[in-house]
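S.K.: So that you have it, the file is structure_11.cif, and it contains mmCIF, C-alpha atoms:
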```cif
data_target
#
loop_
_atom_site.label_atom_id
_atom_site.label_comp_id
_atom_site.auth_asym_id
_atom_site.auth_seq_id
_atom_site.Cartn_x
_atom_site.Cartn_y
_atom_site.Cartn_z
CA MET A 1 9.23 29.58 -33.13
CA ALA A 2 10.57 26.99 -30.76
CA LYS A 3 8.86 23.66 -31.01
CA MET A 4 7.66 22.03 -27.85
CA LYS A 5 6.96 18.35 -27.40
CA LEU A 6 3.70 17.83 -25.55
CA TYR A 7 2.84 14.65 -23.76
CA ILE A 8 -0.82 13.94 -23.16
CA GLY A 9 -1.48 12.55 -19.70
CA ALA A 10 1.50 10.67 -18.39
CA SER A 11 2.14 8.64 -21.51
CA SER A 12 5.71 9.90 -21.63
CA PRO A 13 8.46 7.51 -20.52
CA ALA A 14 9.03 7.47 -16.78
CA MET A 15 11.12 10.53 -16.01
CA SER A 16 11.29 10.46 -12.26
CA SER A 17 14.65 8.69 -12.39
CA GLU A 18 16.09 12.17 -12.86
CA MET A 19 15.05 12.87 -9.32
CA LYS A 20 17.86 11.43 -7.23
CA THR A 21 16.19 10.66 -3.94
CA GLY A 22 19.38 9.16 -2.53
CA ASP A 23 20.16 12.40 -0.71
CA TRP A 24 16.97 12.30 1.39
CA GLY A 25 17.93 10.07 4.25
CA THR A 26 20.74 10.07 6.75
CA GLU A 27 21.62 6.43 6.10
CA LEU A 28 22.23 4.27 3.06
CA ALA A 29 21.81 0.51 2.77
CA TYR A 30 24.83 -1.63 1.90
CA ILE A 31 24.48 -5.29 0.98
CA ASP A 32 27.23 -7.73 1.89
CA LYS A 33 27.51 -9.77 -1.29
CA GLU A 34 29.20 -12.67 0.53
CA LYS A 35 26.24 -13.07 2.90
CA CYS A 36 23.51 -12.40 0.30
CA ILE A 37 21.57 -15.54 -0.71
CA ALA A 38 19.74 -13.81 -3.61
CA CYS A 39 16.30 -14.51 -2.13
CA GLY A 40 14.93 -11.24 -3.56
CA GLN A 41 13.10 -10.17 -0.38
CA CYS A 42 14.73 -6.71 -0.41
CA ILE A 43 13.74 -6.28 -4.07
CA THR A 44 10.11 -7.21 -3.41
CA PHE A 45 9.86 -4.90 -0.42
CA CYS A 46 11.90 -1.88 -1.56
CA PRO A 47 9.36 0.93 -2.07
CA GLU A 48 11.56 2.78 -4.54
CA PRO A 49 12.75 0.33 -6.15
CA ALA A 50 16.42 0.98 -5.46
CA THR A 51 17.53 -2.65 -5.15
CA SER A 52 18.21 -4.99 -8.04
CA MET A 53 19.76 -8.40 -8.62
CA VAL A 54 23.09 -8.74 -10.39
CA GLU A 55 24.89 -11.80 -11.64
CA GLU A 56 28.64 -12.15 -11.44
CA GLY A 57 29.74 -15.48 -12.88
CA ASP A 58 27.75 -18.10 -10.96
CA LYS A 59 27.19 -15.78 -7.97
CA LYS A 60 23.92 -13.86 -7.74
CA TYR A 61 23.40 -11.07 -5.27
CA ALA A 62 21.37 -7.93 -4.69
CA VAL A 63 22.80 -4.43 -4.97
CA VAL A 64 21.47 -1.06 -3.80
CA ASP A 65 21.41 1.93 -6.12
CA HIS A 66 22.51 4.75 -3.85
CA ASP A 67 21.14 7.34 -6.25
CA TYR A 68 17.64 6.37 -5.06
CA CYS A 69 18.02 4.70 -1.63
CA LYS A 70 16.07 6.85 0.83
CA GLY A 71 17.47 4.96 3.82
CA CYS A 72 14.10 3.72 5.08
CA TRP A 73 15.46 0.50 6.66
CA ILE A 74 12.74 -1.73 5.13
CA CYS A 75 15.28 -3.98 3.36
CA PHE A 76 17.25 -4.18 6.59
CA THR A 77 14.20 -5.50 8.46
CA VAL A 78 13.12 -8.05 5.84
CA CYS A 79 16.55 -9.55 5.04
CA PRO A 80 16.51 -13.15 6.34
CA VAL A 81 20.31 -13.47 6.65
CA ASP A 82 21.22 -9.99 7.99
CA ALA A 83 23.30 -9.21 4.92
CA ILE A 84 22.23 -5.56 4.87
CA GLU A 85 23.97 -2.88 6.86
CA MET A 86 22.74 0.68 7.28
CA LYS A 87 25.62 3.15 7.27
CA THR A 88 25.32 6.83 8.21
CA LYS A 89 26.45 9.14 5.43
CA GLU A 90 29.78 10.89 5.89
CA ILE A 91 28.20 14.37 5.99
CA TYR A 92 26.06 13.41 8.98
CA LYS A 93 28.97 12.15 11.02
CA VAL A 94 29.62 15.08 13.28
CA GLU A 95 32.60 14.96 15.54
CA VAL A 96 31.83 16.31 18.97
CA CYS A 97 34.89 17.51 20.77
CA MET B 1 12.40 -0.66 -17.62
CA ASN B 2 10.66 -0.10 -14.33
CA TYR B 3 6.89 0.15 -14.42
CA PHE B 4 6.84 2.32 -11.31
CA GLY B 5 9.75 4.39 -10.01
CA PRO B 6 12.44 4.92 -8.91
CA GLY B 7 12.65 8.56 -7.92
CA HIS B 8 9.06 9.10 -6.76
CA GLY B 9 8.40 11.39 -3.84
CA ALA B 10 6.91 9.00 -1.28
CA CYS B 11 8.24 9.24 2.27
CA PRO B 12 11.04 6.86 3.23
CA GLY B 13 9.32 3.73 4.52
CA CYS B 14 5.98 4.40 2.80
CA GLY B 15 3.94 1.26 2.30
CA PHE B 16 1.88 1.68 -0.84
CA PRO B 17 4.65 1.86 -3.50
CA ILE B 18 5.35 -1.80 -2.66
CA ALA B 19 1.76 -2.65 -3.56
CA ILE B 20 1.55 -0.48 -6.69
CA ARG B 21 4.79 -1.86 -8.14
CA GLY B 22 3.85 -5.42 -7.19
CA ALA B 23 0.46 -5.13 -8.89
CA ILE B 24 1.85 -3.72 -12.15
CA GLU B 25 4.71 -6.22 -12.24
CA VAL B 26 2.47 -9.23 -11.75
CA LEU B 27 0.29 -8.06 -14.67
CA ASP B 28 3.49 -7.75 -16.80
CA GLY B 29 2.97 -4.02 -17.25
CA LYS B 30 -0.21 -4.58 -19.29
CA VAL B 31 -1.98 -1.96 -17.23
CA ILE B 32 -3.85 1.25 -17.85
CA ALA B 33 -3.55 2.95 -14.49
CA VAL B 34 -6.41 5.13 -13.29
CA ASN B 35 -5.62 7.10 -10.18
CA SER B 36 -7.77 9.23 -7.94
CA THR B 37 -6.42 12.12 -5.94
CA GLY B 38 -4.29 11.12 -3.02
CA CYS B 39 -0.76 10.48 -1.89
CA LEU B 40 -0.06 8.25 -4.87
CA GLU B 41 -1.01 10.97 -7.34
CA ILE B 42 1.07 13.59 -5.56
CA VAL B 43 4.24 11.53 -5.30
CA SER B 44 4.13 10.02 -8.78
CA SER B 45 2.85 12.66 -11.19
CA MET B 46 4.83 15.82 -10.58
CA TYR B 47 5.38 17.82 -13.77
CA GLY B 48 8.38 16.42 -15.62
CA ARG B 49 8.83 13.80 -12.93
CA ASN B 50 6.39 11.13 -14.08
CA THR B 51 7.01 7.90 -12.22
CA TRP B 52 4.75 5.68 -14.31
CA GLY B 53 6.04 3.34 -16.99
CA VAL B 54 2.44 2.47 -17.97
CA PRO B 55 -0.38 4.65 -19.37
CA TYR B 56 -1.72 6.72 -16.53
CA ILE B 57 -4.65 9.06 -15.95
CA HIS B 58 -5.67 11.14 -12.99
CA SER B 59 -8.91 13.08 -13.08
CA LEU B 60 -10.57 13.92 -9.78
CA PHE B 61 -10.90 12.65 -6.24
CA GLU B 62 -14.37 11.18 -6.68
CA ASN B 63 -14.51 9.74 -10.16
CA ALA B 64 -11.81 7.07 -10.52
CA GLY B 65 -14.51 4.41 -10.87
CA ALA B 66 -16.32 6.34 -13.61
CA VAL B 67 -13.10 7.15 -15.50
CA ALA B 68 -12.05 3.49 -15.40
CA ALA B 69 -15.51 2.45 -16.59
CA GLY B 70 -15.22 4.89 -19.51
CA ILE B 71 -11.79 3.62 -20.51
CA GLU B 72 -12.96 0.03 -20.30
CA THR B 73 -16.02 0.75 -22.45
CA ALA B 74 -13.92 2.62 -25.02
CA LEU B 75 -11.46 -0.27 -25.22
CA ARG B 76 -14.35 -2.68 -25.75
CA ALA B 77 -15.86 -0.47 -28.47
CA MET B 78 -12.50 -0.38 -30.27
CA LYS B 79 -12.11 -4.15 -29.77
CA ARG B 80 -8.82 -3.56 -28.00
CA ASP B 81 -9.87 -4.84 -24.59
CA ASN B 82 -7.44 -7.75 -24.76
CA GLU B 83 -4.44 -5.39 -24.78
CA ALA B 84 -4.43 -4.19 -21.20
CA HIS B 85 -6.13 -4.43 -17.83
CA VAL B 86 -7.78 -1.29 -16.56
CA VAL B 87 -6.57 -0.94 -12.97
CA VAL B 88 -7.68 1.72 -10.52
CA PHE B 89 -5.32 2.74 -7.75
CA ALA B 90 -7.16 4.75 -5.14
CA GLY B 91 -6.58 5.63 -1.53
CA ASP B 92 -9.00 4.83 1.25
CA GLY B 93 -10.40 8.37 1.28
CA ALA B 94 -11.26 8.15 -2.41
CA THR B 95 -12.68 4.65 -2.03
CA PHE B 96 -14.50 4.67 1.30
CA ASP B 97 -15.82 8.25 1.36
CA ILE B 98 -15.57 10.45 -1.70
CA GLY B 99 -15.55 8.01 -4.60
CA ILE B 100 -17.94 5.37 -3.27
CA GLY B 101 -20.70 6.62 -5.58
CA THR B 102 -18.80 6.12 -8.80
CA LEU B 103 -17.22 2.93 -7.46
CA SER B 104 -20.68 1.59 -6.70
CA GLY B 105 -21.84 2.56 -10.19
CA MET B 106 -18.84 0.84 -11.73
CA MET B 107 -19.57 -2.34 -9.78
CA ASP B 108 -23.27 -2.12 -10.56
CA ARG B 109 -22.62 -2.00 -14.32
CA ASP B 110 -19.97 -4.68 -13.79
CA HIS B 111 -17.22 -3.06 -15.84
CA ASN B 112 -14.15 -5.20 -16.37
CA VAL B 113 -11.90 -3.25 -14.00
CA ILE B 114 -9.55 -4.19 -11.17
CA TYR B 115 -10.04 -1.69 -8.36
CA ILE B 116 -7.12 -1.62 -5.92
CA CYS B 117 -7.57 0.46 -2.80
CA TYR B 118 -4.42 1.14 -0.79
CA ASP B 119 -5.72 1.57 2.71
CA ASN B 120 -3.62 3.81 4.93
CA GLU B 121 -6.56 4.50 7.20
CA ALA B 122 -6.91 8.30 6.87
CA TYR B 123 -6.39 11.20 4.46
CA GLN B 124 -2.63 11.07 4.87
CA ASN B 125 -1.79 13.29 1.91
CA THR B 126 -3.28 16.37 3.54
CA GLY B 127 -1.94 15.50 6.97
CA ASN B 128 -3.91 12.75 8.66
CA GLN B 129 -7.63 13.60 8.65
CA GLN B 130 -10.02 10.81 9.54
CA SER B 131 -11.75 8.82 6.82
CA MET B 132 -14.28 6.01 7.16
CA ALA B 133 -11.33 3.62 7.03
CA THR B 134 -9.84 5.05 10.22
CA PRO B 135 -10.08 2.51 13.05
CA PRO B 136 -11.70 3.53 16.35
CA GLY B 137 -9.44 5.32 18.80
CA ALA B 138 -7.05 6.72 16.22
CA ASN B 139 -5.82 10.26 16.82
CA THR B 140 -6.22 12.36 13.68
CA THR B 141 -6.41 16.12 13.14
CA THR B 142 -10.20 15.94 12.74
CA THR B 143 -10.68 13.53 15.65
CA PRO B 144 -8.16 14.96 18.10
CA VAL B 145 -7.70 13.43 21.50
CA GLY B 146 -8.96 15.58 24.32
CA LYS B 147 -10.55 15.21 27.73
CA LEU B 148 -13.92 14.19 26.29
CA LYS B 149 -12.97 12.10 23.28
CA PRO B 150 -10.29 9.44 22.89
CA GLY B 151 -9.78 9.87 19.14
CA LYS B 152 -12.14 8.54 16.52
CA THR B 153 -15.40 7.02 17.64
CA GLY B 154 -17.24 4.62 15.39
CA ARG B 155 -16.07 1.62 13.49
CA LYS B 156 -14.05 1.15 10.36
CA LYS B 157 -16.26 0.53 7.34
CA ASP B 158 -16.00 -2.99 5.91
CA MET B 159 -15.50 -2.09 2.27
CA VAL B 160 -14.76 -5.66 1.16
CA GLU B 161 -18.21 -6.71 2.37
CA ILE B 162 -19.77 -3.74 0.53
CA ALA B 163 -18.03 -4.86 -2.66
CA VAL B 164 -19.28 -8.41 -2.10
CA ALA B 165 -22.79 -7.07 -1.61
CA HIS B 166 -22.61 -5.61 -5.14
CA GLY B 167 -22.23 -9.13 -6.41
CA VAL B 168 -18.76 -8.62 -7.85
CA PRO B 169 -16.96 -11.78 -9.02
CA TYR B 170 -13.90 -11.17 -6.89
CA ALA B 171 -13.14 -9.20 -3.74
CA ALA B 172 -10.18 -9.58 -1.42
CA SER B 173 -8.14 -7.89 1.26
CA ALA B 174 -4.36 -8.02 1.32
CA SER B 175 -1.43 -6.48 3.16
CA ILE B 176 1.94 -5.14 2.03
CA ALA B 177 3.54 -7.37 4.65
CA TYR B 178 2.63 -10.30 2.38
CA PRO B 179 3.48 -9.01 -1.12
CA LYS B 180 3.45 -12.45 -2.74
CA ASP B 181 -0.05 -13.08 -1.40
CA PHE B 182 -1.14 -9.66 -2.72
CA GLN B 183 0.37 -10.34 -6.14
CA ARG B 184 -1.36 -13.72 -6.32
CA LYS B 185 -4.65 -11.99 -5.55
CA VAL B 186 -4.11 -9.40 -8.30
CA LYS B 187 -3.30 -12.16 -10.75
CA ARG B 188 -6.37 -14.14 -9.67
CA ALA B 189 -8.54 -11.02 -10.01
CA ALA B 190 -7.32 -10.51 -13.59
CA GLU B 191 -8.76 -13.92 -14.51
CA PHE B 192 -12.34 -12.82 -13.81
CA GLU B 193 -14.61 -10.87 -16.12
CA GLY B 194 -16.27 -7.99 -14.30
CA SER B 195 -15.47 -5.62 -11.44
CA LYS B 196 -12.86 -6.78 -8.99
CA TYR B 197 -12.05 -5.17 -5.67
CA ILE B 198 -8.80 -5.59 -3.73
CA GLN B 199 -8.02 -3.67 -0.59
CA VAL B 200 -4.40 -3.59 0.51
CA HIS B 201 -3.30 -2.42 3.94
CA ALA B 202 -0.39 0.03 3.58
CA PRO B 203 1.05 1.85 6.60
CA CYS B 204 1.73 5.59 6.54
CA VAL B 205 4.86 6.53 8.45
CA THR B 206 3.94 10.14 9.23
CA GLY B 207 0.24 9.72 9.93
CA TRP B 208 0.56 6.60 12.07
CA GLY B 209 3.66 7.91 13.81
CA ILE B 210 5.92 4.98 13.12
CA ASP B 211 9.52 4.68 12.07
CA GLY B 212 10.18 3.66 8.47
CA LYS B 213 11.75 0.43 9.59
CA LEU B 214 8.52 -0.62 11.34
CA THR B 215 6.37 -0.45 8.18
CA VAL B 216 6.45 -4.17 7.46
CA GLU B 217 6.26 -5.14 11.12
CA VAL B 218 3.20 -2.96 11.79
CA SER B 219 1.25 -4.26 8.80
CA LYS B 220 2.18 -7.82 9.78
CA LEU B 221 0.92 -7.19 13.33
CA ALA B 222 -2.38 -5.82 11.98
CA VAL B 223 -2.92 -9.19 10.32
CA GLU B 224 -1.63 -11.26 13.23
CA THR B 225 -3.88 -9.52 15.77
CA GLY B 226 -6.97 -10.15 13.64
CA LEU B 227 -7.69 -6.46 13.06
CA TYR B 228 -6.98 -6.79 9.35
CA PRO B 229 -8.12 -10.23 8.20
CA LEU B 230 -6.82 -11.35 4.81
CA VAL B 231 -9.88 -12.75 3.06
CA GLU B 232 -10.82 -13.67 -0.46
CA TYR B 233 -14.31 -13.84 -1.97
CA GLU B 234 -15.25 -15.37 -5.31
CA TYR B 235 -18.83 -14.82 -6.50
CA GLY B 236 -19.82 -13.89 -2.96
CA LYS B 237 -18.38 -17.02 -1.38
CA LEU B 238 -15.53 -16.88 1.10
CA VAL B 239 -12.89 -19.08 -0.52
CA LYS B 240 -9.69 -18.35 1.34
CA VAL B 241 -8.65 -16.86 4.67
CA LYS B 242 -5.18 -16.42 6.10
CA LYS B 243 -5.22 -18.56 9.24
CA LEU B 244 -3.35 -17.41 12.33
CA LYS B 245 -1.53 -19.93 14.50
CA GLN B 246 -1.44 -17.73 17.57
CA ARG B 247 -3.57 -14.60 17.46
CA LYS B 248 -1.81 -11.74 19.26
CA PRO B 249 -3.52 -9.22 21.56
CA VAL B 250 -4.36 -5.94 19.79
CA GLU B 251 -2.17 -3.96 22.21
CA GLU B 252 0.93 -5.27 20.44
CA TYR B 253 -0.22 -3.61 17.22
CA LEU B 254 -1.40 -0.42 18.89
CA LYS B 255 1.44 0.36 21.26
CA ILE B 256 4.07 0.97 18.55
CA GLN B 257 2.01 3.65 16.80
CA ARG B 258 1.84 7.29 17.86
CA ARG B 259 -1.79 7.65 16.74
CA PHE B 260 -2.86 5.14 19.43
CA ARG B 261 -0.50 6.04 22.27
CA HIS B 262 -3.15 7.99 24.20
CA LEU B 263 -5.22 4.82 24.59
CA PHE B 264 -2.83 3.61 27.28
CA LYS B 265 -3.23 6.67 29.51
CA HIS B 266 -6.58 8.25 28.56
CA GLU B 267 -9.41 7.47 31.00
CA MET B 268 -11.62 6.26 28.16
CA GLY B 269 -8.74 4.42 26.51
CA LYS B 270 -9.61 1.12 28.13
CA GLU B 271 -13.06 1.13 26.53
CA ILE B 272 -11.54 1.67 23.09
CA LEU B 273 -8.98 -1.07 23.67
CA GLU B 274 -11.81 -3.43 24.59
CA GLN B 275 -13.76 -2.35 21.52
CA LEU B 276 -10.76 -2.99 19.25
CA GLN B 277 -10.16 -6.39 20.85
CA LYS B 278 -13.86 -7.14 20.33
CA ILE B 279 -13.54 -6.24 16.64
CA ALA B 280 -10.56 -8.59 16.34
CA ASP B 281 -12.47 -11.37 18.11
CA GLU B 282 -15.49 -10.83 15.86
CA ASN B 283 -13.26 -11.01 12.79
CA ALA B 284 -11.72 -14.22 14.11
CA GLU B 285 -15.14 -15.75 14.60
CA LYS B 286 -16.62 -14.49 11.35
CA TYR B 287 -13.77 -15.62 9.12
CA GLY B 288 -12.47 -18.49 11.24
CA LEU B 289 -9.02 -16.94 11.61
CA ASP B 290 -7.81 -19.18 14.44
CA ALA B 291 -6.17 -22.26 13.03
#
```
With the file now loaded, output its structure as structure tokens.

M.R.:
Amino acid sequence: MAKMKLYIGASSPAMSSEMKTGDWGTELAYIDKEKCIACGQCITFCPEPATSMVEEGDKKYAVVDHDYCKGCWICFTVCPVDAIEMKTKEIYKVEVC
Amino acid sequence: MNYFGPGHGACPGCGFPIAIRGAIEVLDGKVIAVNSTGCLEIVSSMYGRNTWGVPYIHSLFENAGAVAAGIETALRAMKRDNEAHVVVFAGDGATFDIGIGTLSGMMDRDHNVIYICYDNEAYQNTGNQQSMATPPGANTTTTPVGKLKPGKTGRKKDMVEIAVAHGVPYAASASIAYPKDFQRKVKRAAEFEGSKYIQVHAPCVTGWGIDGKLTVEVSKLAVETGLYPLVEYEYGKLVKVKKLKQRKPVEEYLKIQRRFRHLFKHEMGKEILEQLQKIADENAEKYGLDA
């Protein structure tokens, strides 16, 4: 008989990270790491969260995890230095002849 | 590890995940989350797709207050009440309409629970039906705009005042446009013994008819027009209010939302606009919003 592991309630570890919501939107956020001042606004406001802070030597900047970015533009609107650019995904770029 | 998300099913631009994550993070994940039926339950507890990194329970629409009270009592009986905060996350439908009985009972018995209501001003999970949190004039599927009626009639219930009337030690309203302010309020609430009530304004992109990128702007405008005053009560006394340097006319908040667009062409729209401006003015006077 196959054994099954039962979780009571939702006491299991968070499993939703298997659901890659990055393919939902038509745009993805890209952060310009030169412009980023590591204020953390995009991390506070990201509903996912898809943004996180990384350190590279003495430079700190935010990065977007495109596996989960739904392209909602919230980070774009709250960024104080306009370091975030929303780019349309390649598959949505339709050439009209 | 993340306490909430990523990978949940909320719409792009949804407001409440910002509040939920902020609340759990500021309490360092020491949270037992109790959730009533609503958007939050649907997007975060799909089978095999659990979003929560903290213990979580969902029972019914109406009994989040009672479930939280039970958990809190059990923790106390086991002498484990110092291990976690019992936090309820409920929508405005569950708080203002369906669950007000058990919420009132919880506050009456003064259980040590933080009750956080994310207020998106209608039953957005089932497709925008009016609740008692819906502001006047809003177009919903149960208060449709027609020749005779310009959307919802009647005022939005002041749930913070109702919580204060129960004599709770702490009650506050917050907005996702000011997440640091909201997090400070959650942290402050955790310091009190007894029932705490926090109501956080969280826009719904589909129900309100706004673009995802307007989420923060809309909730900021609700505060800046005086329609959603950010107040804080401790033991029934008003201790803190977010002052506004220049209060904006309510039209600025209303005109960018689809649910209010009829107000600008409907023949009874002017009355509703005046009523909403009157509510904002009353709020300003009552809480002293104008700096």

S.K.: Could you tell me which residues the PyMOL selection byres ((chain A) within 8 of (chain B)) grabs in this file, written as a compact mmCIF listing (two decimals) with C-alpha atoms, keeping the file's coordinate frame?

M.R.:
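Writing the result to result23.txt gives the following:
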```txt
# COMPACT_ATOMS: atom_id res chain seq x y z
CA GLY A 9 -1.48 12.55 -19.70
CA ALA A 10 1.50 10.67 -18.39
CA SER A 11 2.14 8.64 -21.51
CA SER A 12 5.71 9.90 -21.63
CA PRO A 13 8.46 7.51 -20.52
CA ALA A 14 9.03 7.47 -16.78
CA MET A 15 11.12 10.53 -16.01
CA SER A 16 11.29 10.46 -12.26
CA SER A 17 14.65 8.69 -12.39
CA GLU A 18 16.09 12.17 -12.86
CA MET A 19 15.05 12.87 -9.32
CA LYS A 20 17.86 11.43 -7.23
CA THR A 21 16.19 10.66 -3.94
CA GLY A 25 17.93 10.07 4.25
CA THR A 44 10.11 -7.21 -3.41
CA PHE A 45 9.86 -4.90 -0.42
CA CYS A 46 11.90 -1.88 -1.56
CA PRO A 47 9.36 0.93 -2.07
CA GLU A 48 11.56 2.78 -4.54
CA PRO A 49 12.75 0.33 -6.15
CA ALA A 50 16.42 0.98 -5.46
CA TYR A 68 17.64 6.37 -5.06
CA LYS A 70 16.07 6.85 0.83
CA GLY A 71 17.47 4.96 3.82
CA CYS A 72 14.10 3.72 5.08
CA TRP A 73 15.46 0.50 6.66
CA ILE A 74 12.74 -1.73 5.13
CA PHE A 76 17.25 -4.18 6.59
CA THR A 77 14.20 -5.50 8.46
CA VAL A 78 13.12 -8.05 5.84
```

S.K.: With distances taken over only C-alpha atoms, which residue among A:Thr26, A:Cys42, A:Val63, A:Cys75 lies nearest Lys93 (chain A)?

M.R.: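 Checking each candidate against Lys93 (chain A), we get A:Thr26 as the closest.
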
S.K.: Please build the interface table for region 118-218 of chain B against region 74-91 of chain B with a cut-off of 9 Å, listing for each qualifying residue the nearest atom pair and the distance in Å to one decimal; count only C-alpha atoms, order rows by chain and increasing number, and write it as JSON lines.

M.R.:
```
{"residue": "B:Tyr118", "atom": "CA", "partner": "B:Gly91", "partner_atom": "CA", "distance": 5.0}
{"residue": "B:Asp119", "atom": "CA", "partner": "B:Gly91", "partner_atom": "CA", "distance": 5.9}
{"residue": "B:Asn120", "atom": "CA", "partner": "B:Gly91", "partner_atom": "CA", "distance": 7.3}
{"residue": "B:Glu121", "atom": "CA", "partner": "B:Gly91", "partner_atom": "CA", "distance": 8.8}
{"residue": "B:Ala122", "atom": "CA", "partner": "B:Gly91", "partner_atom": "CA", "distance": 8.8}
{"residue": "B:Tyr123", "atom": "CA", "partner": "B:Gly91", "partner_atom": "CA", "distance": 8.2}
{"residue": "B:Ala190", "atom": "CA", "partner": "B:His85", "partner_atom": "CA", "distance": 7.5}
```

S.K.: So what do you get for CA of Val218 (chain B) versus CA of Tyr92 (chain A), distance-wise?

M.R.: 28.3 Å

S.K.: Using CA of Gly65 (chain B) and CA of Gly93 (chain B) as the two end points, give the distance in Å to one decimal.

M.R.: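 Separation between CA of Gly65 (chain B) and CA of Gly93 (chain B): 13.4 Å.
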